[in-house]
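Here's target08.txt, which has compact mmCIF, C-alpha atoms:
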```txt
# COMPACT_ATOMS: atom_id res chain seq x y z
CA GLY A 144 92.41 67.19 162.28
CA ALA A 145 95.45 69.39 162.93
CA PRO A 146 94.70 71.88 165.74
CA ALA A 147 97.35 74.31 164.49
CA LEU A 148 100.03 74.93 161.87
CA SER A 149 103.68 75.83 162.44
CA GLU A 150 106.88 76.34 160.48
CA ASP A 151 108.61 74.22 163.13
CA GLY A 152 111.30 76.66 164.24
CA LYS A 153 112.23 78.00 160.82
CA SER A 154 110.60 81.29 159.85
CA VAL A 155 109.17 81.42 156.33
CA MET A 156 111.33 84.12 154.78
CA ASN A 157 109.17 84.40 151.64
CA ALA A 158 106.45 86.77 152.85
CA GLN A 159 104.18 86.16 149.84
CA LEU A 160 104.28 82.39 150.36
CA TYR A 161 103.60 82.87 154.07
CA LYS A 162 100.66 85.17 153.32
CA GLN A 163 99.13 82.54 151.03
CA ALA A 164 99.46 79.91 153.76
CA MET A 165 97.89 82.27 156.29
CA LEU A 166 94.91 82.88 154.00
CA ILE A 167 94.31 79.12 153.77
CA ALA A 168 94.68 78.72 157.54
CA ALA A 169 92.26 81.62 158.13
CA LYS A 170 89.71 80.03 155.79
CA HIS A 171 89.74 76.89 157.96
CA ASP A 172 90.07 78.85 161.24
CA ILE A 173 93.35 77.13 162.12
CA PRO A 174 95.87 79.13 164.19
CA VAL A 175 99.42 79.63 162.92
CA LEU A 176 102.25 79.23 165.46
CA ALA A 177 105.30 81.29 164.54
CA HIS A 178 108.95 81.02 165.49
CA CYS A 179 110.13 84.57 164.80
CA GLU A 180 113.72 84.59 163.59
CA ASP A 181 115.31 86.28 160.59
CA LYS A 182 118.18 83.95 159.73
CA SER A 183 120.01 86.69 157.85
CA LEU A 184 120.26 88.62 161.13
CA THR A 185 121.30 85.72 163.39
CA ASN A 186 124.51 85.56 161.32
CA GLY A 187 125.94 82.48 163.02
CA GLY A 188 125.45 83.82 166.53
CA CYS A 189 125.16 81.60 169.60
CA MET A 190 124.04 84.01 172.35
CA ASN A 191 122.58 87.49 172.67
CA GLU A 192 124.50 90.31 171.01
CA ASP A 193 125.49 92.59 173.89
CA GLU A 194 128.27 93.46 176.31
CA ARG A 195 128.38 89.90 177.67
CA SER A 196 128.91 88.32 174.25
CA GLU A 197 131.78 90.77 173.70
CA GLU A 198 133.30 89.82 177.05
CA LEU A 199 133.12 86.11 176.19
CA GLY A 200 134.27 86.64 172.62
CA LEU A 201 131.22 84.82 171.23
CA PRO A 202 129.18 85.81 168.16
CA GLY A 203 125.87 87.42 169.08
CA ILE A 204 122.26 87.36 167.88
CA CYS A 205 120.57 90.77 167.85
CA ASN A 206 117.07 91.48 169.16
CA ALA A 207 116.07 92.60 165.68
CA SER A 208 116.33 89.01 164.43
CA GLU A 209 113.13 88.34 166.38
CA ASP A 210 111.55 91.76 166.19
CA VAL A 211 111.44 92.20 162.41
CA ILE A 212 109.74 88.82 161.87
CA ALA A 213 107.35 89.38 164.78
CA ALA A 214 106.34 92.71 163.24
CA ARG A 215 105.94 91.19 159.77
CA ASP A 216 103.87 88.27 161.03
CA ILE A 217 101.58 90.51 163.09
CA ILE A 218 100.97 92.72 160.05
CA LEU A 219 100.32 89.70 157.80
CA ALA A 220 97.97 88.21 160.40
CA ASN A 221 95.90 91.36 160.43
CA ASP A 222 95.92 91.48 156.64
CA THR A 223 94.77 87.87 156.26
CA GLY A 224 92.54 87.52 159.35
CA VAL A 225 94.41 84.45 160.57
CA LYS A 226 94.82 83.64 164.26
CA LEU A 227 98.55 84.11 164.96
CA HIS A 228 100.46 82.83 167.98
CA LEU A 229 104.05 83.95 168.55
CA CYS A 230 106.18 81.26 170.18
CA HIS A 231 108.88 81.70 172.86
CA CYS A 232 109.08 85.50 172.69
CA SER A 233 112.22 87.02 174.19
CA THR A 234 112.40 90.77 173.53
CA LYS A 235 110.97 93.97 174.93
CA ALA A 236 109.97 95.13 171.46
CA THR A 237 107.86 92.01 170.88
CA VAL A 238 105.91 92.78 174.07
CA VAL A 239 105.37 96.37 172.89
CA MET A 240 104.13 95.16 169.50
CA MET A 241 101.83 92.59 171.07
CA LYS A 242 100.29 95.24 173.33
CA LYS A 243 99.60 97.54 170.38
CA ALA A 244 98.25 94.70 168.21
CA LYS A 245 95.81 93.64 170.93
CA GLU A 246 94.67 97.22 171.47
CA GLU A 247 93.91 97.36 167.74
CA GLY A 248 91.92 94.13 167.91
CA PHE A 249 94.33 91.90 165.98
CA ARG A 250 93.82 88.11 166.41
CA VAL A 251 97.22 87.55 168.03
CA THR A 252 98.50 85.72 171.10
CA ALA A 253 102.01 85.09 172.41
CA GLU A 254 104.00 83.00 174.85
CA VAL A 255 107.04 83.26 177.12
CA CYS A 256 109.30 80.48 178.42
CA PRO A 257 110.57 80.23 182.01
CA HIS A 258 114.22 80.55 180.97
CA HIS A 259 113.46 83.84 179.24
CA PHE A 260 111.62 85.37 182.22
CA THR A 261 114.23 84.04 184.68
CA LEU A 262 117.70 84.46 183.16
CA SER A 263 119.43 87.20 181.23
CA SER A 264 122.64 87.15 179.21
CA GLU A 265 124.39 88.59 182.26
CA ASP A 266 123.78 85.27 184.03
CA ILE A 267 125.81 83.27 181.51
CA PRO A 268 128.95 82.31 183.47
CA GLY A 269 131.10 81.44 180.46
CA ASP A 270 131.18 79.42 177.27
CA ASP A 271 128.59 76.92 178.55
CA PRO A 272 126.34 75.19 175.96
CA ASN A 273 123.58 74.72 178.55
CA TYR A 274 122.92 78.44 178.15
CA LYS A 275 122.56 78.18 174.36
CA MET A 276 118.98 78.37 173.16
CA ALA A 277 116.94 79.95 170.37
CA PRO A 278 115.98 82.67 170.89
CA PRO A 279 118.90 83.43 173.22
CA LEU A 280 118.78 84.81 176.73
CA ARG A 281 118.40 88.57 176.33
CA ARG A 282 119.25 91.64 178.41
CA ARG A 283 117.76 92.24 181.86
CA GLU A 284 115.43 94.93 180.45
CA ASP A 285 113.95 92.31 178.12
CA VAL A 286 113.43 89.92 181.04
CA GLU A 287 111.56 92.59 182.99
CA ALA A 288 109.39 93.43 179.97
CA LEU A 289 108.44 89.76 179.55
CA ARG A 290 107.47 89.53 183.22
CA GLN A 291 105.36 92.67 182.98
CA GLY A 292 103.77 91.39 179.77
CA LEU A 293 102.68 88.21 181.53
CA LYS A 294 101.36 90.21 184.47
CA GLU A 295 99.32 92.55 182.28
CA ASP A 296 97.77 89.85 180.04
CA ILE A 297 99.76 91.03 177.04
CA MET A 298 101.57 87.70 176.82
CA ASP A 299 99.03 84.89 177.04
CA VAL A 300 100.95 81.67 177.65
CA ILE A 301 103.85 80.21 179.61
CA SER A 302 105.34 77.42 177.50
CA THR A 303 108.49 75.30 177.83
CA ASP A 304 110.05 75.09 174.35
CA HIS A 305 111.24 71.68 175.60
CA ALA A 306 114.25 70.76 173.44
CA PRO A 307 116.16 67.74 174.77
CA HIS A 308 119.61 66.95 173.40
CA SER A 309 122.21 64.29 174.05
CA GLN A 310 125.24 65.13 176.19
CA ALA A 311 127.41 64.98 173.08
CA ASP A 312 125.28 67.63 171.36
CA LYS A 313 125.64 69.97 174.35
CA THR A 314 129.36 69.49 174.98
CA GLY A 315 132.15 71.84 173.98
CA SER A 316 131.72 75.46 172.92
CA MET A 317 128.50 77.39 172.49
CA ARG A 318 129.73 78.10 168.96
CA THR A 319 129.27 74.47 167.87
CA ALA A 320 126.78 72.96 170.35
CA ALA A 321 123.10 72.49 169.53
CA PHE A 322 120.51 75.11 170.43
CA GLY A 323 117.95 74.07 173.04
CA ILE A 324 116.99 73.63 176.68
CA VAL A 325 114.79 71.07 178.43
CA GLY A 326 111.84 72.73 180.12
CA LEU A 327 109.09 70.29 181.09
CA GLU A 328 110.53 69.28 184.44
CA THR A 329 111.38 72.78 185.64
CA SER A 330 108.53 74.91 184.26
CA VAL A 331 106.20 74.67 187.28
CA ALA A 332 108.89 75.37 189.87
CA LEU A 333 110.44 78.28 187.96
CA THR A 334 107.03 79.88 187.38
CA ILE A 335 106.10 79.58 191.06
CA THR A 336 109.52 80.74 192.27
CA GLU A 337 110.03 83.61 189.83
CA LEU A 338 106.48 84.85 189.22
CA VAL A 339 104.01 83.62 191.87
CA LYS A 340 106.16 83.92 195.00
CA THR A 341 107.29 87.37 193.83
CA GLY A 342 103.72 88.59 193.35
CA ILE A 343 103.93 89.04 189.59
CA LEU A 344 101.25 86.41 188.95
CA THR A 345 98.51 85.00 191.16
CA PRO A 346 98.12 81.19 191.35
CA MET A 347 95.03 81.48 189.15
CA GLN A 348 96.92 83.53 186.58
CA MET A 349 99.61 80.85 186.54
CA ALA A 350 96.98 78.18 185.84
CA GLU A 351 95.49 80.36 183.11
CA ARG A 352 98.86 80.96 181.42
CA MET A 353 100.00 77.33 181.60
CA SER A 354 96.75 75.46 181.00
CA PHE A 355 93.55 77.30 180.12
CA ALA A 356 94.98 79.76 177.58
CA PRO A 357 96.97 77.16 175.60
CA ALA A 358 93.87 74.97 175.28
CA ARG A 359 91.76 77.95 174.23
CA ILE A 360 94.28 79.09 171.60
CA LEU A 361 94.48 75.61 170.09
CA GLY A 362 90.72 75.12 170.22
CA LEU A 363 90.96 72.09 172.54
CA GLU A 364 87.54 72.36 174.16
CA ASN A 365 87.97 69.35 176.47
CA LYS A 366 91.31 70.49 177.88
CA GLY A 367 92.70 73.23 180.05
CA SER A 368 90.41 73.48 183.07
CA VAL A 369 89.34 71.51 186.11
CA SER A 370 85.61 71.16 185.58
CA GLU A 371 83.08 68.41 185.02
CA GLY A 372 83.29 66.79 181.61
CA LYS A 373 86.81 67.96 180.83
CA THR A 374 89.67 65.55 180.17
CA ALA A 375 91.44 64.82 183.46
CA ASP A 376 94.93 65.97 182.45
CA LEU A 377 96.12 67.19 185.84
CA VAL A 378 99.29 68.23 187.64
CA VAL A 379 99.25 68.16 191.45
CA PHE A 380 102.02 70.11 193.15
CA ASP A 381 103.03 71.60 196.49
CA PRO A 382 103.67 75.32 195.90
CA SER A 383 105.54 75.76 199.19
CA ARG A 384 107.87 72.78 199.11
CA GLU A 385 111.47 73.80 198.42
CA TYR A 386 113.80 71.44 196.62
CA GLU A 387 116.95 71.47 194.52
CA ILE A 388 116.70 70.87 190.79
CA ASP A 389 118.66 67.70 190.03
CA THR A 390 119.02 66.57 186.42
CA ASP A 391 119.72 63.03 187.62
CA THR A 392 116.03 62.79 188.59
CA PHE A 393 114.76 63.96 185.19
CA LEU A 394 112.68 61.43 183.32
CA SER A 395 113.57 63.14 180.06
CA LYS A 396 116.63 61.70 178.34
CA GLY A 397 117.75 65.27 177.88
CA LYS A 398 119.57 66.87 180.82
CA ASN A 399 120.54 70.12 179.11
CA THR A 400 119.55 72.87 181.51
CA PRO A 401 121.34 75.75 183.26
CA PHE A 402 119.10 75.26 186.31
CA ASP A 403 120.77 72.14 187.71
CA GLY A 404 121.42 72.77 191.41
CA TRP A 405 118.96 75.67 191.70
CA LYS A 406 116.85 75.85 194.86
CA VAL A 407 113.23 76.43 193.91
CA LYS A 408 109.71 76.13 195.30
CA GLY A 409 106.82 74.24 193.75
CA ASP A 410 107.44 70.51 193.65
CA VAL A 411 105.25 68.39 191.36
CA LYS A 412 103.73 65.47 193.26
CA TYR A 413 101.55 63.71 190.67
CA THR A 414 100.79 63.92 186.97
CA LEU A 415 97.61 62.43 185.53
CA VAL A 416 96.83 61.96 181.84
CA ASP A 417 93.20 61.27 180.97
CA GLY A 418 92.57 60.39 184.61
CA LYS A 419 95.43 57.88 184.83
CA LEU A 420 98.40 58.38 187.18
CA VAL A 421 101.51 58.49 184.98
CA TYR A 422 103.99 60.13 187.36
CA LYS A 423 104.54 60.00 191.11
CA ASN A 424 107.33 61.96 192.77
CA LYS A 425 109.54 59.59 194.75
CA ALA A 426 110.32 62.35 197.24
CA TYR A 427 106.80 61.97 198.68
CA GLU A 428 106.82 58.19 199.07
CA GLU A 429 108.39 58.24 202.54
CA GLN A 430 105.74 60.71 203.74
CA GLU A 431 102.97 58.39 202.63
```

Starting from the file, lay out its structure as structure tokens.
Amino acid sequence: GAPALSEDGKSVMNAQLYKQAMLIAAKHDIPVLAHCEDKSLTNGGCMNEDERSEELGLPGICNASEDVIAARDIILANDTGVKLHLCHCSTKATVVMMKKAKEEGFRVTAEVCPHHFTLSSEDIPGDDPNYKMAPPLRRREDVEALRQGLKEDIMDVISTDHAPHSQADKTGSMRTAAFGIVGLETSVALTITELVKTGILTPMQMAERMSFAPARILGLENKGSVSEGKTADLVVFDPSREYEIDTDTFLSKGKNTPFDGWKVKGDVKYTLVDGKLVYKNKAYEEQE
């Protein structure tokens, strides 16, 4: 009954073992979701390896740590015939490889997270654990490549990589704090503000990237679109309403985000799961 398989954030470094697993997944037509990271290249880093990491005196993680595994997995996917989905992509090279793989007819898809198409390593103000995530925030050229990849249908999905942590886990230095950022409660607003309002994506492309494509990739036939007979999992939002992101209003126990205090557009009003109202934004109560 599993709709997909994943190595849960830890790349399988034994390529032969991974190939055997892919062959089994392909036999059952189950997609494989890959976190692309060569641990031997991360080398204890806590942010992107670039000029900013040197300025802050923090150990860096090179782009190649993602790129070499992304390349390997794409090649193995073509060799085995498995459906491969690359999670939370962050580099320009991954976009280039995805474009070529799709042109060659490989069964590959990929996703980008809002923090990776919004922030670069240049935006990290200092040794702040809220900016520590895996993969890390990359250079501005990587950010622009991710945006263009989403615009051109090279990158299929906008995901959140929602990773809540306690305040204790995200306190102190980036060297010792946990990797991760919460993303569920800011994904709509950041996508509207950074991609839709700037003309990179249309509203329909946003819906496709955040809803229809994920359901299609996972083979969830009753999800992902607003049409008769589909499961009524719906998010209702006002794309023009501006508000300030406030972690105190988050329903998630995790508050670890660098976006606290940001002014954004696209406020979620209601969330329905299977036709039942499970969230109502208190900011709209006075209006009603």

Shell of 7 Å around Glu254 in chain A, only C-alpha atoms, local chain residues under 6 positions omitted, as a list in words: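 These residues fall inside the cut-off: Leu229, Cys230, His231, Cys232, Met298, Asp299, Val300, Ile301 and Ser302 of chain A.
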
task: For range 277-286 of chain A, list every protein, DNA or RNA residue within 8 Å, evaluated using all atoms listed in the file, and leave out those in the same chain fewer than 4 positions away; present the list as a list in words.
output: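 Selected residues are Glu180, Cys189, Met190, Asn191, Asp193, Ile204, Asn206, Glu209, His231, Cys232, Ser233, Thr234, Lys235, His258, His259, Phe260, Thr261, Leu262, Ser263, Ser264, Glu265, Arg290, Phe322 and Gly323 of chain A.
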
- prompt: Hey, which of A:Leu420, A:Cys179, A:Val238, A:Leu199 ends up closest to Val155 in chain A? Count all atoms listed in the file.
  reply: A:Cys179

query: So how many Å separate CA of Ala164 in chain A and CA of Thr223 in chain A, to one decimal?
result: 9.6 Å

Edge lengths and centre in Å, axis-aligned, range 403-413 of chain A plus 6 Å each side, as JSON:
```
{"center_x": 111.5, "center_y": 70.1, "center_z": 191.5, "size_x": 31.9, "size_y": 24.7, "size_z": 19.6}
```

query: Please, what distance in Å, to one decimal, runs between CA of Ile217 in chain A and CA of Glu295 in chain A?
result: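 Separation between CA of Ile217 in chain A and CA of Glu295 in chain A: 19.4 Å.
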
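Each of A:Thr329, A:Gln163, A:Ser154, A:Thr185 was checked against Lys398 in chain A using all atoms listed in the file; the smallest atom-to-atom distance is that of A:Thr329.
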
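Restricting the calculation to all atoms listed in the file, the smallest distance between Pro202 in chain A and any of A:Thr314, A:Asn157, A:Thr319, A:Thr334 is found for A:Thr319.
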
- prompt: Could you state the separation of CA of Val255 in chain A and CA of Ala311 in chain A in Å, given to one decimal place?
  reply: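 One can read the CA of Val255 in chain A to CA of Ala311 in chain A distance as 27.7 Å.
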
task: With a distance cut-off of 8 Å and all atoms listed in the file, select the neighbouring residues of range 272-274 of chain A, excluding the residue or stretch itself and same-chain residues fewer than 2 positions from it, and output the selection as an NGL selection string.
output: :A and (267 or 270 or 276 or 280 or 313-317 or 320-321 or 323-324 or 399-401)

Nearest-residue call for Val339 in chain A, choices A:Val407, A:Ala253, A:Leu184, A:Ala288, using only C-alpha atoms: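 Closest residue, counting only C-alpha atoms: A:Val407.
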
- prompt: Quick one: of A:Gln159, A:Ser149, A:Gln348, A:Ser395, who's nearest to Ile335 in chain A, counting all atoms listed in the file?
  reply: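 Selected residue with least distance to Ile335 in chain A: A:Gln348.
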
task: Pick out the residues sitting within 7 Å of Asp417 in chain A, and hand them over as a list in words; count only C-alpha atoms, and ignore anything fewer than 4 positions along from it in its own chain.
output: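 Counting only the stated atoms, we get Thr374, Ala375 and Asp376 of chain A.
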
Write a file of the just-selected residues containing C-alpha atoms, as a short mmCIF file (atom, residue, chain, number, x, y, z; two decimals), keeping the file's coordinate frame.
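Here's the written file out.cif:
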```cif
data_model
loop_
_atom_site.label_atom_id
_atom_site.label_comp_id
_atom_site.auth_asym_id
_atom_site.auth_seq_id
_atom_site.Cartn_x
_atom_site.Cartn_y
_atom_site.Cartn_z
CA THR A 374 89.67 65.55 180.17
CA ALA A 375 91.44 64.82 183.46
CA ASP A 376 94.93 65.97 182.45
#
```

I need range 362-375 of chain A from the structure I supplied, saved as a compact mmCIF listing (two decimals), in the first residue's frame with all heavy atoms retained.
```
# COMPACT_ATOMS: atom_id res chain seq x y z
N GLY A 362 0.84 8.90 -7.59
CA GLY A 362 -0.22 8.02 -8.04
C GLY A 362 -1.48 8.10 -7.21
O GLY A 362 -2.25 7.14 -7.13
N LEU A 363 -1.75 9.26 -6.61
CA LEU A 363 -2.94 9.46 -5.78
C LEU A 363 -4.06 10.00 -6.67
O LEU A 363 -4.24 11.20 -6.81
CB LEU A 363 -2.64 10.42 -4.63
CG LEU A 363 -1.46 10.01 -3.72
CD1 LEU A 363 -1.19 11.08 -2.68
CD2 LEU A 363 -1.76 8.67 -3.05
N GLU A 364 -4.82 9.11 -7.24
CA GLU A 364 -5.79 9.47 -8.27
C GLU A 364 -6.93 10.33 -7.75
O GLU A 364 -7.55 11.08 -8.52
CB GLU A 364 -6.35 8.21 -8.94
CG GLU A 364 -5.29 7.39 -9.67
CD GLU A 364 -5.86 6.15 -10.31
OE1 GLU A 364 -7.08 5.89 -10.12
OE2 GLU A 364 -5.11 5.43 -11.00
N ASN A 365 -7.25 10.24 -6.47
CA ASN A 365 -8.37 10.99 -5.91
C ASN A 365 -7.95 12.33 -5.30
O ASN A 365 -8.75 13.01 -4.67
CB ASN A 365 -9.09 10.16 -4.84
CG ASN A 365 -9.79 8.95 -5.43
OD1 ASN A 365 -10.31 9.00 -6.54
ND2 ASN A 365 -9.79 7.85 -4.70
N LYS A 366 -6.70 12.69 -5.47
CA LYS A 366 -6.18 13.92 -4.87
C LYS A 366 -5.69 14.88 -5.95
O LYS A 366 -5.53 14.52 -7.11
CB LYS A 366 -4.99 13.60 -3.95
CG LYS A 366 -5.23 12.49 -2.93
CD LYS A 366 -5.91 13.00 -1.70
CE LYS A 366 -5.96 11.91 -0.63
NZ LYS A 366 -6.60 12.39 0.62
N GLY A 367 -5.47 16.11 -5.54
CA GLY A 367 -4.69 17.03 -6.35
C GLY A 367 -5.43 17.95 -7.29
O GLY A 367 -4.81 18.79 -7.94
N SER A 368 -6.74 17.83 -7.41
CA SER A 368 -7.47 18.75 -8.29
C SER A 368 -8.86 19.01 -7.73
O SER A 368 -9.39 18.22 -6.95
CB SER A 368 -7.58 18.18 -9.71
OG SER A 368 -8.41 17.03 -9.73
N VAL A 369 -9.42 20.13 -8.17
CA VAL A 369 -10.77 20.50 -7.74
C VAL A 369 -11.74 20.08 -8.83
O VAL A 369 -12.02 20.83 -9.77
CB VAL A 369 -10.87 22.02 -7.48
CG1 VAL A 369 -12.27 22.39 -6.97
CG2 VAL A 369 -9.83 22.46 -6.48
N SER A 370 -12.21 18.86 -8.74
CA SER A 370 -13.17 18.36 -9.72
C SER A 370 -14.07 17.33 -9.06
O SER A 370 -13.74 16.78 -8.00
CB SER A 370 -12.44 17.75 -10.93
OG SER A 370 -11.57 16.72 -10.52
N GLU A 371 -15.19 17.07 -9.67
CA GLU A 371 -16.19 16.16 -9.10
C GLU A 371 -15.60 14.77 -8.88
O GLU A 371 -14.91 14.22 -9.74
CB GLU A 371 -17.39 16.07 -10.04
CG GLU A 371 -18.55 15.28 -9.45
CD GLU A 371 -19.78 15.27 -10.35
OE1 GLU A 371 -19.74 15.96 -11.39
OE2 GLU A 371 -20.78 14.61 -10.00
N GLY A 372 -15.85 14.23 -7.69
CA GLY A 372 -15.38 12.90 -7.36
C GLY A 372 -14.04 12.85 -6.67
O GLY A 372 -13.67 11.81 -6.13
N LYS A 373 -13.31 13.96 -6.67
CA LYS A 373 -12.01 13.99 -6.00
C LYS A 373 -12.19 14.26 -4.51
O LYS A 373 -13.18 14.85 -4.08
CB LYS A 373 -11.12 15.08 -6.60
CG LYS A 373 -10.85 14.93 -8.09
CD LYS A 373 -9.96 13.75 -8.39
CE LYS A 373 -9.60 13.72 -9.87
NZ LYS A 373 -8.71 12.60 -10.22
N THR A 374 -11.23 13.81 -3.72
CA THR A 374 -11.24 14.10 -2.28
C THR A 374 -11.15 15.60 -2.06
O THR A 374 -10.29 16.27 -2.64
CB THR A 374 -10.06 13.40 -1.59
OG1 THR A 374 -10.11 12.00 -1.87
CG2 THR A 374 -10.11 13.61 -0.09
N ALA A 375 -12.01 16.13 -1.19
CA ALA A 375 -12.07 17.58 -0.96
C ALA A 375 -11.01 18.01 0.05
O ALA A 375 -11.30 18.44 1.17
CB ALA A 375 -13.46 17.99 -0.50
```
